[in-house]
file start.txt (compact mmCIF, C-alpha atoms)
# COMPACT_ATOMS: atom_id res chain seq x y z
CA MET A 1 64.82 109.65 174.28
CA GLU A 2 62.66 112.57 173.25
CA ASN A 3 62.57 113.52 169.56
CA SER A 4 63.98 117.06 169.22
CA ASN A 5 61.11 117.97 166.89
CA SER A 6 58.32 116.70 169.10
CA ILE A 7 56.47 118.99 171.46
CA ASN A 8 57.67 118.54 175.04
CA LYS A 9 55.64 118.74 178.25
CA LYS A 10 56.39 122.43 178.88
CA GLU A 11 55.30 123.35 175.36
CA ASN A 12 52.27 121.16 175.76
CA ASP A 13 51.34 123.08 178.92
CA ASN A 14 51.79 126.34 177.01
CA ILE A 15 49.52 125.14 174.22
CA THR A 16 46.87 124.07 176.73
CA ARG A 17 47.04 127.49 178.39
CA ILE A 18 46.83 129.31 175.03
CA ILE A 19 43.85 127.25 173.87
CA ARG A 20 42.05 128.05 177.11
CA VAL A 21 42.73 131.80 177.04
CA ILE A 22 42.76 132.85 173.35
CA PRO A 23 38.99 132.61 172.73
CA SER A 24 38.38 135.06 175.58
CA LEU A 25 40.75 137.73 174.22
CA ALA A 26 38.93 140.72 172.74
CA GLY A 27 39.17 140.97 168.97
CA VAL A 28 39.94 137.29 168.24
CA VAL A 29 37.79 135.95 165.38
CA HIS A 30 39.46 132.58 164.69
CA PHE A 31 42.64 130.94 165.86
CA TYR A 32 44.87 127.98 165.02
CA ILE A 33 47.73 126.37 166.87
CA MET A 34 50.06 124.65 164.42
CA ASP A 35 53.16 122.57 164.96
CA TRP A 36 56.50 123.27 163.24
CA ARG A 37 55.50 121.13 160.22
CA GLY A 38 52.34 123.15 159.59
CA LYS A 39 50.00 120.54 161.04
CA ILE A 40 47.04 121.94 162.95
CA ILE A 41 47.07 121.01 166.64
CA GLU A 42 43.99 122.99 167.61
CA THR A 43 41.62 125.39 165.88
CA SER A 44 38.52 127.39 166.69
CA GLY A 45 35.33 126.20 164.99
CA LEU A 46 34.66 127.24 161.36
CA ALA A 47 38.18 128.60 160.84
CA PRO A 48 39.03 128.52 157.10
CA ASP A 49 41.74 126.10 155.98
CA ILE A 50 44.78 128.21 155.20
CA THR A 51 47.48 125.85 156.43
CA ASP A 52 49.39 125.87 153.11
CA PHE A 53 49.46 129.63 153.15
CA ILE A 54 50.68 129.74 156.77
CA THR A 55 53.36 127.14 156.05
CA PHE A 56 54.58 129.11 153.03
CA THR A 57 54.54 132.29 155.10
CA LEU A 58 56.72 130.67 157.76
CA VAL A 59 59.13 129.23 155.20
CA SER A 60 59.35 132.65 153.50
CA GLY A 61 60.00 134.24 156.90
CA VAL A 62 62.93 131.90 157.49
CA LYS A 63 64.34 132.63 154.00
CA MET A 64 63.99 136.38 154.58
CA ARG A 65 65.73 136.04 157.95
CA ASP A 66 68.67 134.31 156.27
CA LEU A 67 68.86 136.99 153.58
CA LEU A 68 68.92 139.74 156.20
CA GLY A 69 71.19 137.94 158.66
CA SER A 70 68.56 138.48 161.36
CA ARG A 71 66.86 136.38 164.03
CA GLY A 72 63.18 135.55 163.96
CA PRO A 73 60.68 136.20 162.50
CA HIS A 74 59.23 137.15 165.86
CA ARG A 75 55.92 138.23 164.43
CA ILE A 76 54.22 138.24 161.02
CA TRP A 77 50.97 139.95 160.20
CA TYR A 78 48.80 140.72 157.21
CA ASP A 79 46.38 143.59 156.73
CA LEU A 80 43.45 142.04 154.87
CA GLN A 81 41.02 143.55 152.39
CA SER A 82 38.25 142.18 154.60
CA LYS A 83 39.50 144.87 157.04
CA GLY A 84 40.70 142.26 159.51
CA LYS A 85 44.23 141.15 160.29
CA LEU A 86 45.98 137.80 160.28
CA LEU A 87 48.64 137.51 162.97
CA ILE A 88 51.21 134.72 163.10
CA VAL A 89 53.45 134.33 166.13
CA PRO A 90 56.07 131.59 165.84
CA PHE A 91 56.81 130.20 169.29
CA GLY A 92 59.41 127.48 169.52
CA ARG A 93 58.10 124.41 167.77
CA PHE A 94 54.56 125.67 167.47
CA ASN A 95 52.90 128.66 165.88
CA ILE A 96 49.96 130.72 167.01
CA VAL A 97 47.80 132.01 164.15
CA ILE A 98 44.93 134.40 164.84
CA PHE A 99 42.38 136.22 162.69
CA LEU A 100 41.79 139.57 164.36
CA LYS A 101 39.13 142.21 164.01
CA LYS A 102 40.24 145.35 162.20
CA ASN A 103 40.51 147.60 165.24
CA VAL A 104 42.78 145.30 167.24
CA SER A 105 46.38 146.37 167.74
CA VAL A 106 48.83 143.68 166.62
CA ALA A 107 51.41 144.93 169.13
CA LYS A 108 48.93 144.74 172.01
CA MET A 109 47.74 141.25 171.02
CA SER A 110 51.35 140.01 170.75
CA GLU A 111 52.05 141.43 174.19
CA GLN A 112 49.03 139.59 175.63
CA LEU A 113 50.20 136.34 174.03
CA SER A 114 53.67 136.82 175.44
CA VAL A 115 52.25 137.30 178.95
CA ILE A 116 50.18 134.11 178.58
CA LEU A 117 53.18 132.11 177.35
CA HIS A 118 55.81 133.47 179.67
CA GLY A 119 53.59 134.03 182.69
CA MET B 1 55.37 159.31 134.18
CA ALA B 2 54.78 156.11 136.20
CA GLU B 3 58.49 155.64 136.82
CA LYS B 4 58.87 159.29 137.76
CA ASN B 5 56.09 158.88 140.33
CA MET B 6 57.71 155.73 141.68
CA ASN B 7 61.06 157.51 141.97
CA GLU B 8 59.46 160.36 143.90
CA ILE B 9 57.58 158.02 146.23
CA ALA B 10 60.66 155.84 146.81
CA ALA B 11 62.73 158.92 147.63
CA LYS B 12 60.09 160.16 150.10
CA ILE B 13 59.79 156.75 151.77
CA ALA B 14 63.58 156.47 152.05
CA LEU B 15 63.64 159.77 153.96
CA MET B 16 61.14 158.60 156.57
CA ASP B 17 62.37 157.73 160.07
CA GLY B 18 63.81 154.24 160.36
CA VAL B 19 63.57 153.31 156.66
CA ARG B 20 66.70 151.49 155.46
CA GLY B 21 65.60 150.65 151.94
CA CYS B 22 62.63 150.75 149.61
CA ALA B 23 61.95 149.34 146.15
CA PHE B 24 59.17 149.12 143.57
CA PHE B 25 59.18 145.58 142.25
CA HIS B 26 57.34 144.61 139.06
CA LYS B 27 56.43 140.93 139.10
CA GLU B 28 57.64 140.43 135.52
CA GLN B 29 60.25 143.16 135.06
CA GLY B 30 61.88 143.08 138.51
CA ILE B 31 63.03 146.17 140.43
CA GLN B 32 61.76 149.39 138.81
CA VAL B 33 63.25 151.91 141.23
CA TRP B 34 64.89 151.67 144.63
CA ASP B 35 66.30 153.97 147.26
CA GLY B 36 67.67 153.77 150.77
CA ASP B 37 70.55 154.43 153.15
CA GLY B 38 72.82 151.86 151.49
CA SER B 39 72.55 149.25 154.25
CA ILE B 40 70.25 147.03 152.16
CA ALA B 41 71.41 145.97 148.69
CA GLU B 42 69.16 146.11 145.64
CA GLY B 43 69.55 142.33 145.27
CA THR B 44 68.31 141.76 148.83
CA LEU B 45 65.27 143.96 148.22
CA ARG B 46 64.56 141.99 145.04
CA GLU B 47 64.72 138.65 146.87
CA LEU B 48 62.46 139.95 149.64
CA ALA B 49 60.00 141.28 147.06
CA ILE B 50 59.82 137.90 145.31
CA TYR B 51 58.69 136.24 148.56
CA LEU B 52 56.15 138.99 149.21
CA VAL B 53 54.70 138.76 145.68
CA LYS B 54 54.40 134.95 145.95
CA LEU B 55 52.63 135.31 149.30
CA GLN B 56 50.31 137.91 147.82
CA LEU B 57 49.34 135.49 145.04
CA LEU B 58 48.99 132.50 147.36
CA GLY B 59 46.94 134.59 149.79
CA GLY B 60 44.59 135.52 146.94
CA LYS B 61 44.16 131.86 146.04
CA ASN B 62 43.24 131.16 149.67
CA GLY B 63 40.63 133.89 149.72
CA LEU B 64 42.86 136.32 151.60
CA GLY B 65 43.07 139.66 149.83
CA ILE B 66 46.25 141.12 151.30
CA HIS B 67 46.61 144.88 151.72
CA ALA B 68 49.95 144.73 153.47
CA SER B 69 52.42 142.12 154.74
CA VAL B 70 54.70 142.71 157.72
CA PHE B 71 57.57 140.44 158.82
CA GLN B 72 59.23 141.53 162.05
CA PHE B 73 62.74 140.29 162.87
CA ASN B 74 65.04 141.12 165.77
CA ASN B 75 66.80 143.97 163.97
CA CYS B 76 64.52 144.94 161.12
CA THR B 77 61.02 144.77 159.71
CA VAL B 78 60.10 143.94 156.12
CA ILE B 79 56.89 145.47 154.78
CA GLY B 80 55.22 144.73 151.45
CA VAL B 81 52.34 146.82 150.09
CA PRO B 82 50.86 146.24 146.61
CA TYR B 83 51.08 149.41 144.50
CA SER B 84 49.17 147.98 141.53
CA ALA B 85 48.22 144.56 140.18
CA GLU B 86 51.80 144.14 138.92
CA VAL B 87 53.90 146.19 141.30
CA MET B 88 54.77 145.60 144.97
CA VAL B 89 56.44 148.17 147.18
CA VAL B 90 58.92 146.51 149.53
CA MET B 91 60.35 148.40 152.47
CA CYS B 92 62.98 147.41 154.98
CA CYS B 93 62.97 149.36 158.26
CA SER B 94 64.49 149.49 161.70
CA GLU B 95 62.52 149.53 164.96
CA GLN B 96 62.04 153.31 164.93
CA CYS B 97 59.82 153.30 161.86
CA ASP B 98 56.11 154.00 162.06
CA MET B 99 54.78 150.99 160.14
CA ASP B 100 51.17 152.14 160.02
CA ALA B 101 52.19 155.51 158.60
CA LEU B 102 54.36 153.84 155.94
CA ILE B 103 51.58 151.48 154.87
CA LYS B 104 49.05 154.31 154.78
CA PHE B 105 51.44 156.47 152.75
CA VAL B 106 51.86 153.81 150.04
CA GLU B 107 48.11 153.07 149.99
CA MET B 108 47.28 156.72 149.44
CA ARG B 109 49.84 157.02 146.68
CA ARG B 110 48.41 153.87 145.09
CA GLN B 111 44.92 155.35 145.15
CA THR B 112 46.15 158.60 143.62
CA ALA B 113 47.99 156.70 140.87
CA ALA B 114 44.91 154.56 140.17
CA GLN B 115 42.68 157.65 139.92
CA ARG B 116 45.14 159.39 137.62
CA LYS B 117 45.39 156.28 135.44
CA SER B 118 41.62 155.90 135.16
CA SER B 119 41.12 159.59 134.25
CA ILE B 120 43.75 159.34 131.52
CA GLU B 121 42.18 156.13 130.21
CA VAL B 122 38.77 157.82 130.04
CA THR B 123 40.24 160.64 127.96
CA GLN B 124 42.01 158.24 125.65
CA GLU B 125 38.93 156.08 125.19
CA LEU B 126 36.60 158.94 124.28
CA ASP B 127 35.85 158.89 120.57
CA TYR B 128 32.95 161.04 119.43
CA SER B 129 33.52 160.66 115.69
CA HIS B 130 30.79 158.01 115.37
CA TYR B 131 28.13 160.28 116.87
CA LYS B 132 26.49 162.39 114.17
CA GLY B 133 26.43 166.08 115.03
CA LEU B 134 28.43 165.61 118.20
CA ALA B 135 31.77 165.07 116.55
CA ASP B 136 32.88 168.67 116.87
CA LEU B 137 31.63 169.03 120.40
CA GLY B 138 33.23 165.71 121.26
CA GLY B 139 36.54 166.95 119.94
CA ASP B 140 36.26 170.01 122.14
CA LEU B 141 35.37 167.94 125.16
CA THR B 142 38.29 165.60 124.65
CA ALA B 143 40.60 168.56 124.20
CA SER B 144 39.41 170.22 127.39
CA MET B 145 39.74 167.02 129.39
CA GLU B 146 43.26 166.59 128.10
CA MET B 147 43.92 170.21 129.01
CA ILE B 148 42.77 169.59 132.57
CA ILE B 149 45.07 166.60 132.88
CA GLU B 150 47.92 168.57 131.37
CA GLU B 151 47.18 171.43 133.74
CA GLU B 152 47.59 169.09 136.70
CA ASP B 153 50.94 167.94 135.38
CA SER B 154 51.98 171.39 134.30
CA GLU B 155 55.63 172.28 134.81
CA VAL B 156 54.49 175.75 135.84
CA MET B 157 52.36 174.46 138.72
CA GLN B 158 54.60 171.65 139.93
CA PRO B 159 57.06 173.84 141.94
CA TYR B 160 54.06 175.34 143.82
CA TYR B 161 52.69 171.88 144.63
CA ASP B 162 56.11 170.65 145.75
CA GLN B 163 56.66 173.65 147.99
CA LEU B 164 53.22 173.31 149.55
CA TYR B 165 53.57 169.58 150.09
CA GLU B 166 57.04 169.90 151.64
CA SER B 167 55.87 172.55 154.10
CA LEU B 168 52.81 170.54 154.95
CA ALA B 169 54.86 167.36 155.50
CA GLU B 170 57.32 169.29 157.65
CA LEU B 171 54.51 170.64 159.85
CA ILE B 172 52.09 167.71 160.13
CA GLY B 173 54.09 164.65 159.04
CA PRO B 174 52.45 161.63 157.39
CA LEU B 175 48.99 163.22 157.40
CA ALA B 176 50.28 165.66 154.78
CA ASP B 177 49.32 163.29 151.99
CA TYR B 178 45.73 163.09 153.05
CA VAL B 179 45.41 166.83 153.66
CA ALA B 180 47.10 167.66 150.34
CA GLN B 181 44.86 165.31 148.36
CA GLU B 182 41.63 166.50 149.99
CA SER B 183 42.49 170.17 149.59
CA PHE B 184 43.66 169.70 146.01
CA ARG B 185 40.46 167.86 145.08
CA ARG B 186 38.30 170.67 146.46
CA TRP B 187 40.49 173.35 144.88
CA ARG B 188 40.31 171.73 141.43
CA ARG B 189 36.56 171.34 141.74
CA ASP B 190 36.19 175.10 142.17
CA GLY B 191 38.36 176.28 139.29
CA PRO B 192 41.41 175.82 137.05
CA ALA B 193 44.91 174.98 138.26
CA ILE B 194 46.58 178.31 137.68
CA PRO B 195 49.12 180.28 139.76
CA ALA B 196 46.56 183.08 140.38
CA ARG B 197 44.48 180.66 142.45
CA ILE B 198 47.32 179.18 144.48
CA PHE B 199 46.47 181.09 147.66
CA ASP B 200 43.00 179.48 147.62
CA LEU B 201 44.80 176.14 147.79
CA VAL B 202 47.00 177.38 150.64
CA SER B 203 43.86 178.46 152.57
CA LEU B 204 42.14 175.12 151.98
CA MET B 205 45.21 173.27 153.24
CA ALA B 206 45.45 175.54 156.31
CA ASP B 207 41.78 174.84 157.07
CA GLU B 208 42.56 171.11 157.15
CA ILE B 209 45.35 171.53 159.74
CA GLU B 210 43.80 170.88 163.14
CA ASP B 211 46.40 172.67 165.27
CA PRO B 212 45.75 176.45 164.93
CA VAL B 213 49.41 177.33 165.64
CA LEU B 214 50.62 175.07 162.84
CA ALA B 215 47.86 176.33 160.52
CA GLU B 216 49.01 179.92 161.18
CA GLU B 217 52.64 178.96 160.58
CA PHE B 218 51.63 177.33 157.30
CA LEU B 219 49.73 180.45 156.16
CA ASN B 220 52.65 182.70 157.12
CA ARG B 221 55.01 180.73 154.93
CA PHE B 222 52.90 181.40 151.85
CA ASP B 223 51.26 184.75 152.48
CA LYS B 224 53.41 186.44 149.85
CA MET B 225 52.78 183.79 147.24

call {"tool": "encode", "arguments": {"input": "start.txt", "output": "structure tokens"}}
result
Amino acid sequence: MENSNSINKKENDNITRIIRVIPSLAGVVHFYIMDWRGKIIETSGLAPDITDFITFTLVSGVKMRDLLGSRGPHRIWYDLQSKGKLLIVPFGRFNIVIFLKKNVSVAKMSEQLSVILHG
Amino acid sequence: MAEKNMNEIAAKIALMDGVRGCAFFHKEQGIQVWDGDGSIAEGTLRELAIYLVKLQLLGGKNGLGIHASVFQFNNCTVIGVPYSAEVMVVMCCSEQCDMDALIKFVEMRRQTAAQRKSSIEVTQELDYSHYKGLADLGGDLTASMEMIIEEEDSEVMQPYYDQLYESLAELIGPLADYVAQESFRRWRRDGPAIPARIFDLVSLMADEIEDPVLAEEFLNRFDKM
């Protein structure tokens, strides 16, 4: 019997597809794919280790959702002093985390990710 | 003064499209001011702000200087923008809000507040009494700098500024802050802040409005000033 927290075949296919496509998207500086526990599944080379920060962000997002009685978070992003952006897209039991260049639209990037994941 | 500014900013943010609630949260003293349409309680804004402040600190420790944080949920978006080292502005909005405009608005207000604070600190720190022969001149200089700062805060001038800003915001929206600041800076560089010079400020602001129809409309509103 499959563990409800483990990544299933469909999700595995999604991750494979994301890993193949993300580096070619314009504006992507670094990326990480993390599982629901905050463990890195895949990362681009030289990406800084910010897993604790991402995990705390996701936990905070869940707490905020409960406070607001909402669903999600569907998307989290930070505007950074380095002029770039850090985008986090929770997707089922894995999370896509991308450092973006400053001129990249978060909405457009999320749309591209959604097309890759949903086909 | 700081709280008055925060109240004004919170009230302006609360009036923007899609904003449900807004609060200034001090990391040690809690909520300073808050405003909104009543759909988000002060306690909820406080809890949200606590998460945003913790993330700001943790981000800093991880080498991520954070300018703004955005959490998007199915029915609302939570935005946090640092206003100073101690204060975070937390905003809760619906889908209709223009997030970029909101973030830019708070950032510009933060810059203005920081500039004002630094100019006041300079005035307060000036002490010429130790400099032989310059003590009297120093006293005059300090007095005139204080006068300039007082002029900017003058109760006489404030209604003019408010009227100009409101018209500008009505005509060009979120860009009003930028245009107002730029024009005001140039106006103050060229002379004192007195009612007799107010039309110069109106002209400078009109020059900054790109659309000629809106610029004309703006001038018409104040041509009898």

call {"tool": "interface_residues", "arguments": {"input": "start.txt", "of": "chain B", "to": "chain A", "cutoff": "8 Å", "atoms": "only C-alpha atoms", "output": "PyMOL selection string"}}
result
chain B and resi 44+48+51+55+58-59+62+64-76

call {"tool": "atom_distance", "arguments": {"input": "start.txt", "atom1": "atom CA of Gly36 of chain B", "atom2": "atom CA of Asp17 of chain B"}}
result
11.4 Å

call {"tool": "axis_aligned_box", "arguments": {"input": "start.txt", "around": "segment 197-206 of chain B", "padding_each_side": "4 Å", "output": "AutoDock Vina command-line options"}}
result
--center_x 44.7 --center_y 177.2 --center_z 149.4 --size_x 13.2 --size_y 15.8 --size_z 21.9

call {"tool": "residues_around", "arguments": {"input": "start.txt", "residues": "Ile41 of chain A", "least_positions_apart": "6", "cutoff": "10 Å", "atoms": "only C-alpha atoms", "output": "ChimeraX atom specification"}}
result
/A:15,32-35,94-95

call {"tool": "atom_distance", "arguments": {"input": "start.txt", "atom1": "atom CA of Leu102 of chain B", "atom2": "atom CA of Met16 of chain B"}}
result
8.3 Å

call {"tool": "atom_distance", "arguments": {"input": "start.txt", "atom1": "atom CA of Asp200 of chain B", "atom2": "atom CA of Ser183 of chain B"}}
result
9.5 Å

call {"tool": "closest_residue", "arguments": {"input": "start.txt", "among": "B:Tyr178, B:Val19, B:Phe25, B:Ala49", "to": "Gln96 of chain B", "atoms": "all atoms listed in the file"}}
result
B:Val19

call {"tool": "closest_residue", "arguments": {"input": "start.txt", "among": "B:Phe218, B:Phe105, B:Phe24, B:Tyr160", "to": "Ile172 of chain B", "atoms": "only C-alpha atoms"}}
result
B:Phe218

call {"tool": "closest_residue", "arguments": {"input": "start.txt", "among": "A:Ile98, A:Val89, A:Leu113, A:Ala26", "to": "Glu42 of chain A", "atoms": "all atoms listed in the file"}}
result
A:Ile98

call {"tool": "closest_residue", "arguments": {"input": "start.txt", "among": "A:Lys10, A:Leu100, A:Ala107, A:Thr16", "to": "His30 of chain A", "atoms": "only C-alpha atoms"}}
result
A:Leu100

call {"tool": "residues_around", "arguments": {"input": "start.txt", "residues": "Ile50 of chain B", "least_positions_apart": "3", "cutoff": "9 Å", "atoms": "only C-alpha atoms", "output": "PyMOL selection string"}}
result
chain B and resi 25+27+30+45-47+53-55

call {"tool": "closest_residue", "arguments": {"input": "start.txt", "among": "B:Gly43, B:Gly191, B:Gly63, B:Gly173", "to": "Gly21 of chain B", "atoms": "only C-alpha atoms"}}
result
B:Gly43

call {"tool": "build_atoms", "arguments": {"input": "start.txt", "residues": "segment 43-70 of chain A", "atoms": "N, CA and C atoms", "output": "PDB file, in the frame of the given file"}}
result
ATOM      1  N   THR A  43      42.183 124.265 166.609  1.00  0.00           N
ATOM      2  CA  THR A  43      41.620 125.390 165.880  1.00  0.00           C
ATOM      3  C   THR A  43      40.248 125.743 166.450  1.00  0.00           C
ATOM      4  N   SER A  44      39.870 127.012 166.283  1.00  0.00           N
ATOM      5  CA  SER A  44      38.520 127.390 166.690  1.00  0.00           C
ATOM      6  C   SER A  44      37.565 126.881 165.619  1.00  0.00           C
ATOM      7  N   GLY A  45      36.291 126.733 165.956  1.00  0.00           N
ATOM      8  CA  GLY A  45      35.330 126.200 164.990  1.00  0.00           C
ATOM      9  C   GLY A  45      35.201 127.108 163.778  1.00  0.00           C
ATOM     10  N   LEU A  46      34.946 126.522 162.605  1.00  0.00           N
ATOM     11  CA  LEU A  46      34.660 127.240 161.360  1.00  0.00           C
ATOM     12  C   LEU A  46      35.830 128.075 160.819  1.00  0.00           C
ATOM     13  N   ALA A  47      37.019 127.864 161.356  1.00  0.00           N
ATOM     14  CA  ALA A  47      38.180 128.600 160.840  1.00  0.00           C
ATOM     15  C   ALA A  47      38.504 128.093 159.440  1.00  0.00           C
ATOM     16  N   PRO A  48      38.725 128.995 158.450  1.00  0.00           N
ATOM     17  CA  PRO A  48      39.030 128.520 157.100  1.00  0.00           C
ATOM     18  C   PRO A  48      40.374 127.797 157.032  1.00  0.00           C
ATOM     19  N   ASP A  49      40.496 126.865 156.094  1.00  0.00           N
ATOM     20  CA  ASP A  49      41.740 126.100 155.980  1.00  0.00           C
ATOM     21  C   ASP A  49      42.777 126.902 155.182  1.00  0.00           C
ATOM     22  N   ILE A  50      43.735 127.446 155.883  1.00  0.00           N
ATOM     23  CA  ILE A  50      44.780 128.210 155.200  1.00  0.00           C
ATOM     24  C   ILE A  50      46.165 127.687 155.596  1.00  0.00           C
ATOM     25  N   THR A  51      46.212 126.395 155.913  1.00  0.00           N
ATOM     26  CA  THR A  51      47.480 125.850 156.430  1.00  0.00           C
ATOM     27  C   THR A  51      48.627 125.964 155.419  1.00  0.00           C
ATOM     28  N   ASP A  52      48.327 125.753 154.117  1.00  0.00           N
ATOM     29  CA  ASP A  52      49.390 125.870 153.110  1.00  0.00           C
ATOM     30  C   ASP A  52      49.954 127.284 153.089  1.00  0.00           C
ATOM     31  N   PHE A  53      49.044 128.231 153.182  1.00  0.00           N
ATOM     32  CA  PHE A  53      49.460 129.630 153.150  1.00  0.00           C
ATOM     33  C   PHE A  53      50.328 129.968 154.382  1.00  0.00           C
ATOM     34  N   ILE A  54      49.915 129.468 155.537  1.00  0.00           N
ATOM     35  CA  ILE A  54      50.680 129.740 156.770  1.00  0.00           C
ATOM     36  C   ILE A  54      52.069 129.082 156.666  1.00  0.00           C
ATOM     37  N   THR A  55      52.077 127.837 156.177  1.00  0.00           N
ATOM     38  CA  THR A  55      53.360 127.140 156.050  1.00  0.00           C
ATOM     39  C   THR A  55      54.291 127.905 155.113  1.00  0.00           C
ATOM     40  N   PHE A  56      53.752 128.366 153.982  1.00  0.00           N
ATOM     41  CA  PHE A  56      54.580 129.110 153.030  1.00  0.00           C
ATOM     42  C   PHE A  56      55.037 130.439 153.630  1.00  0.00           C
ATOM     43  N   THR A  57      54.164 131.036 154.430  1.00  0.00           N
ATOM     44  CA  THR A  57      54.540 132.290 155.100  1.00  0.00           C
ATOM     45  C   THR A  57      55.729 132.042 156.033  1.00  0.00           C
ATOM     46  N   LEU A  58      55.648 130.950 156.808  1.00  0.00           N
ATOM     47  CA  LEU A  58      56.720 130.670 157.760  1.00  0.00           C
ATOM     48  C   LEU A  58      58.037 130.330 157.051  1.00  0.00           C
ATOM     49  N   VAL A  59      57.920 129.563 155.968  1.00  0.00           N
ATOM     50  CA  VAL A  59      59.130 129.230 155.200  1.00  0.00           C
ATOM     51  C   VAL A  59      59.732 130.510 154.602  1.00  0.00           C
ATOM     52  N   SER A  60      58.863 131.378 154.071  1.00  0.00           N
ATOM     53  CA  SER A  60      59.350 132.650 153.500  1.00  0.00           C
ATOM     54  C   SER A  60      60.017 133.494 154.583  1.00  0.00           C
ATOM     55  N   GLY A  61      59.420 133.480 155.782  1.00  0.00           N
ATOM     56  CA  GLY A  61      60.000 134.240 156.900  1.00  0.00           C
ATOM     57  C   GLY A  61      61.401 133.771 157.223  1.00  0.00           C
ATOM     58  N   VAL A  62      61.604 132.454 157.194  1.00  0.00           N
ATOM     59  CA  VAL A  62      62.930 131.900 157.490  1.00  0.00           C
ATOM     60  C   VAL A  62      63.932 132.296 156.391  1.00  0.00           C
ATOM     61  N   LYS A  63      63.466 132.249 155.125  1.00  0.00           N
ATOM     62  CA  LYS A  63      64.340 132.630 154.000  1.00  0.00           C
ATOM     63  C   LYS A  63      64.704 134.111 154.102  1.00  0.00           C
ATOM     64  N   MET A  64      63.722 134.943 154.441  1.00  0.00           N
ATOM     65  CA  MET A  64      63.990 136.380 154.580  1.00  0.00           C
ATOM     66  C   MET A  64      65.001 136.622 155.699  1.00  0.00           C
ATOM     67  N   ARG A  65      64.802 135.910 156.809  1.00  0.00           N
ATOM     68  CA  ARG A  65      65.730 136.040 157.950  1.00  0.00           C
ATOM     69  C   ARG A  65      67.166 135.749 157.502  1.00  0.00           C
ATOM     70  N   ASP A  66      67.338 134.672 156.718  1.00  0.00           N
ATOM     71  CA  ASP A  66      68.670 134.310 156.270  1.00  0.00           C
ATOM     72  C   ASP A  66      69.260 135.379 155.353  1.00  0.00           C
ATOM     73  N   LEU A  67      68.401 135.935 154.494  1.00  0.00           N
ATOM     74  CA  LEU A  67      68.860 136.990 153.580  1.00  0.00           C
ATOM     75  C   LEU A  67      69.355 138.210 154.358  1.00  0.00           C
ATOM     76  N   LEU A  68      68.627 138.525 155.439  1.00  0.00           N
ATOM     77  CA  LEU A  68      68.920 139.740 156.200  1.00  0.00           C
ATOM     78  C   LEU A  68      69.951 139.511 157.313  1.00  0.00           C
ATOM     79  N   GLY A  69      70.277 138.249 157.563  1.00  0.00           N
ATOM     80  CA  GLY A  69      71.190 137.940 158.660  1.00  0.00           C
ATOM     81  C   GLY A  69      70.574 138.290 160.005  1.00  0.00           C
ATOM     82  N   SER A  70      69.265 138.104 160.123  1.00  0.00           N
ATOM     83  CA  SER A  70      68.560 138.480 161.360  1.00  0.00           C
ATOM     84  C   SER A  70      68.179 137.244 162.162  1.00  0.00           C
TER      85      SER A  70
END
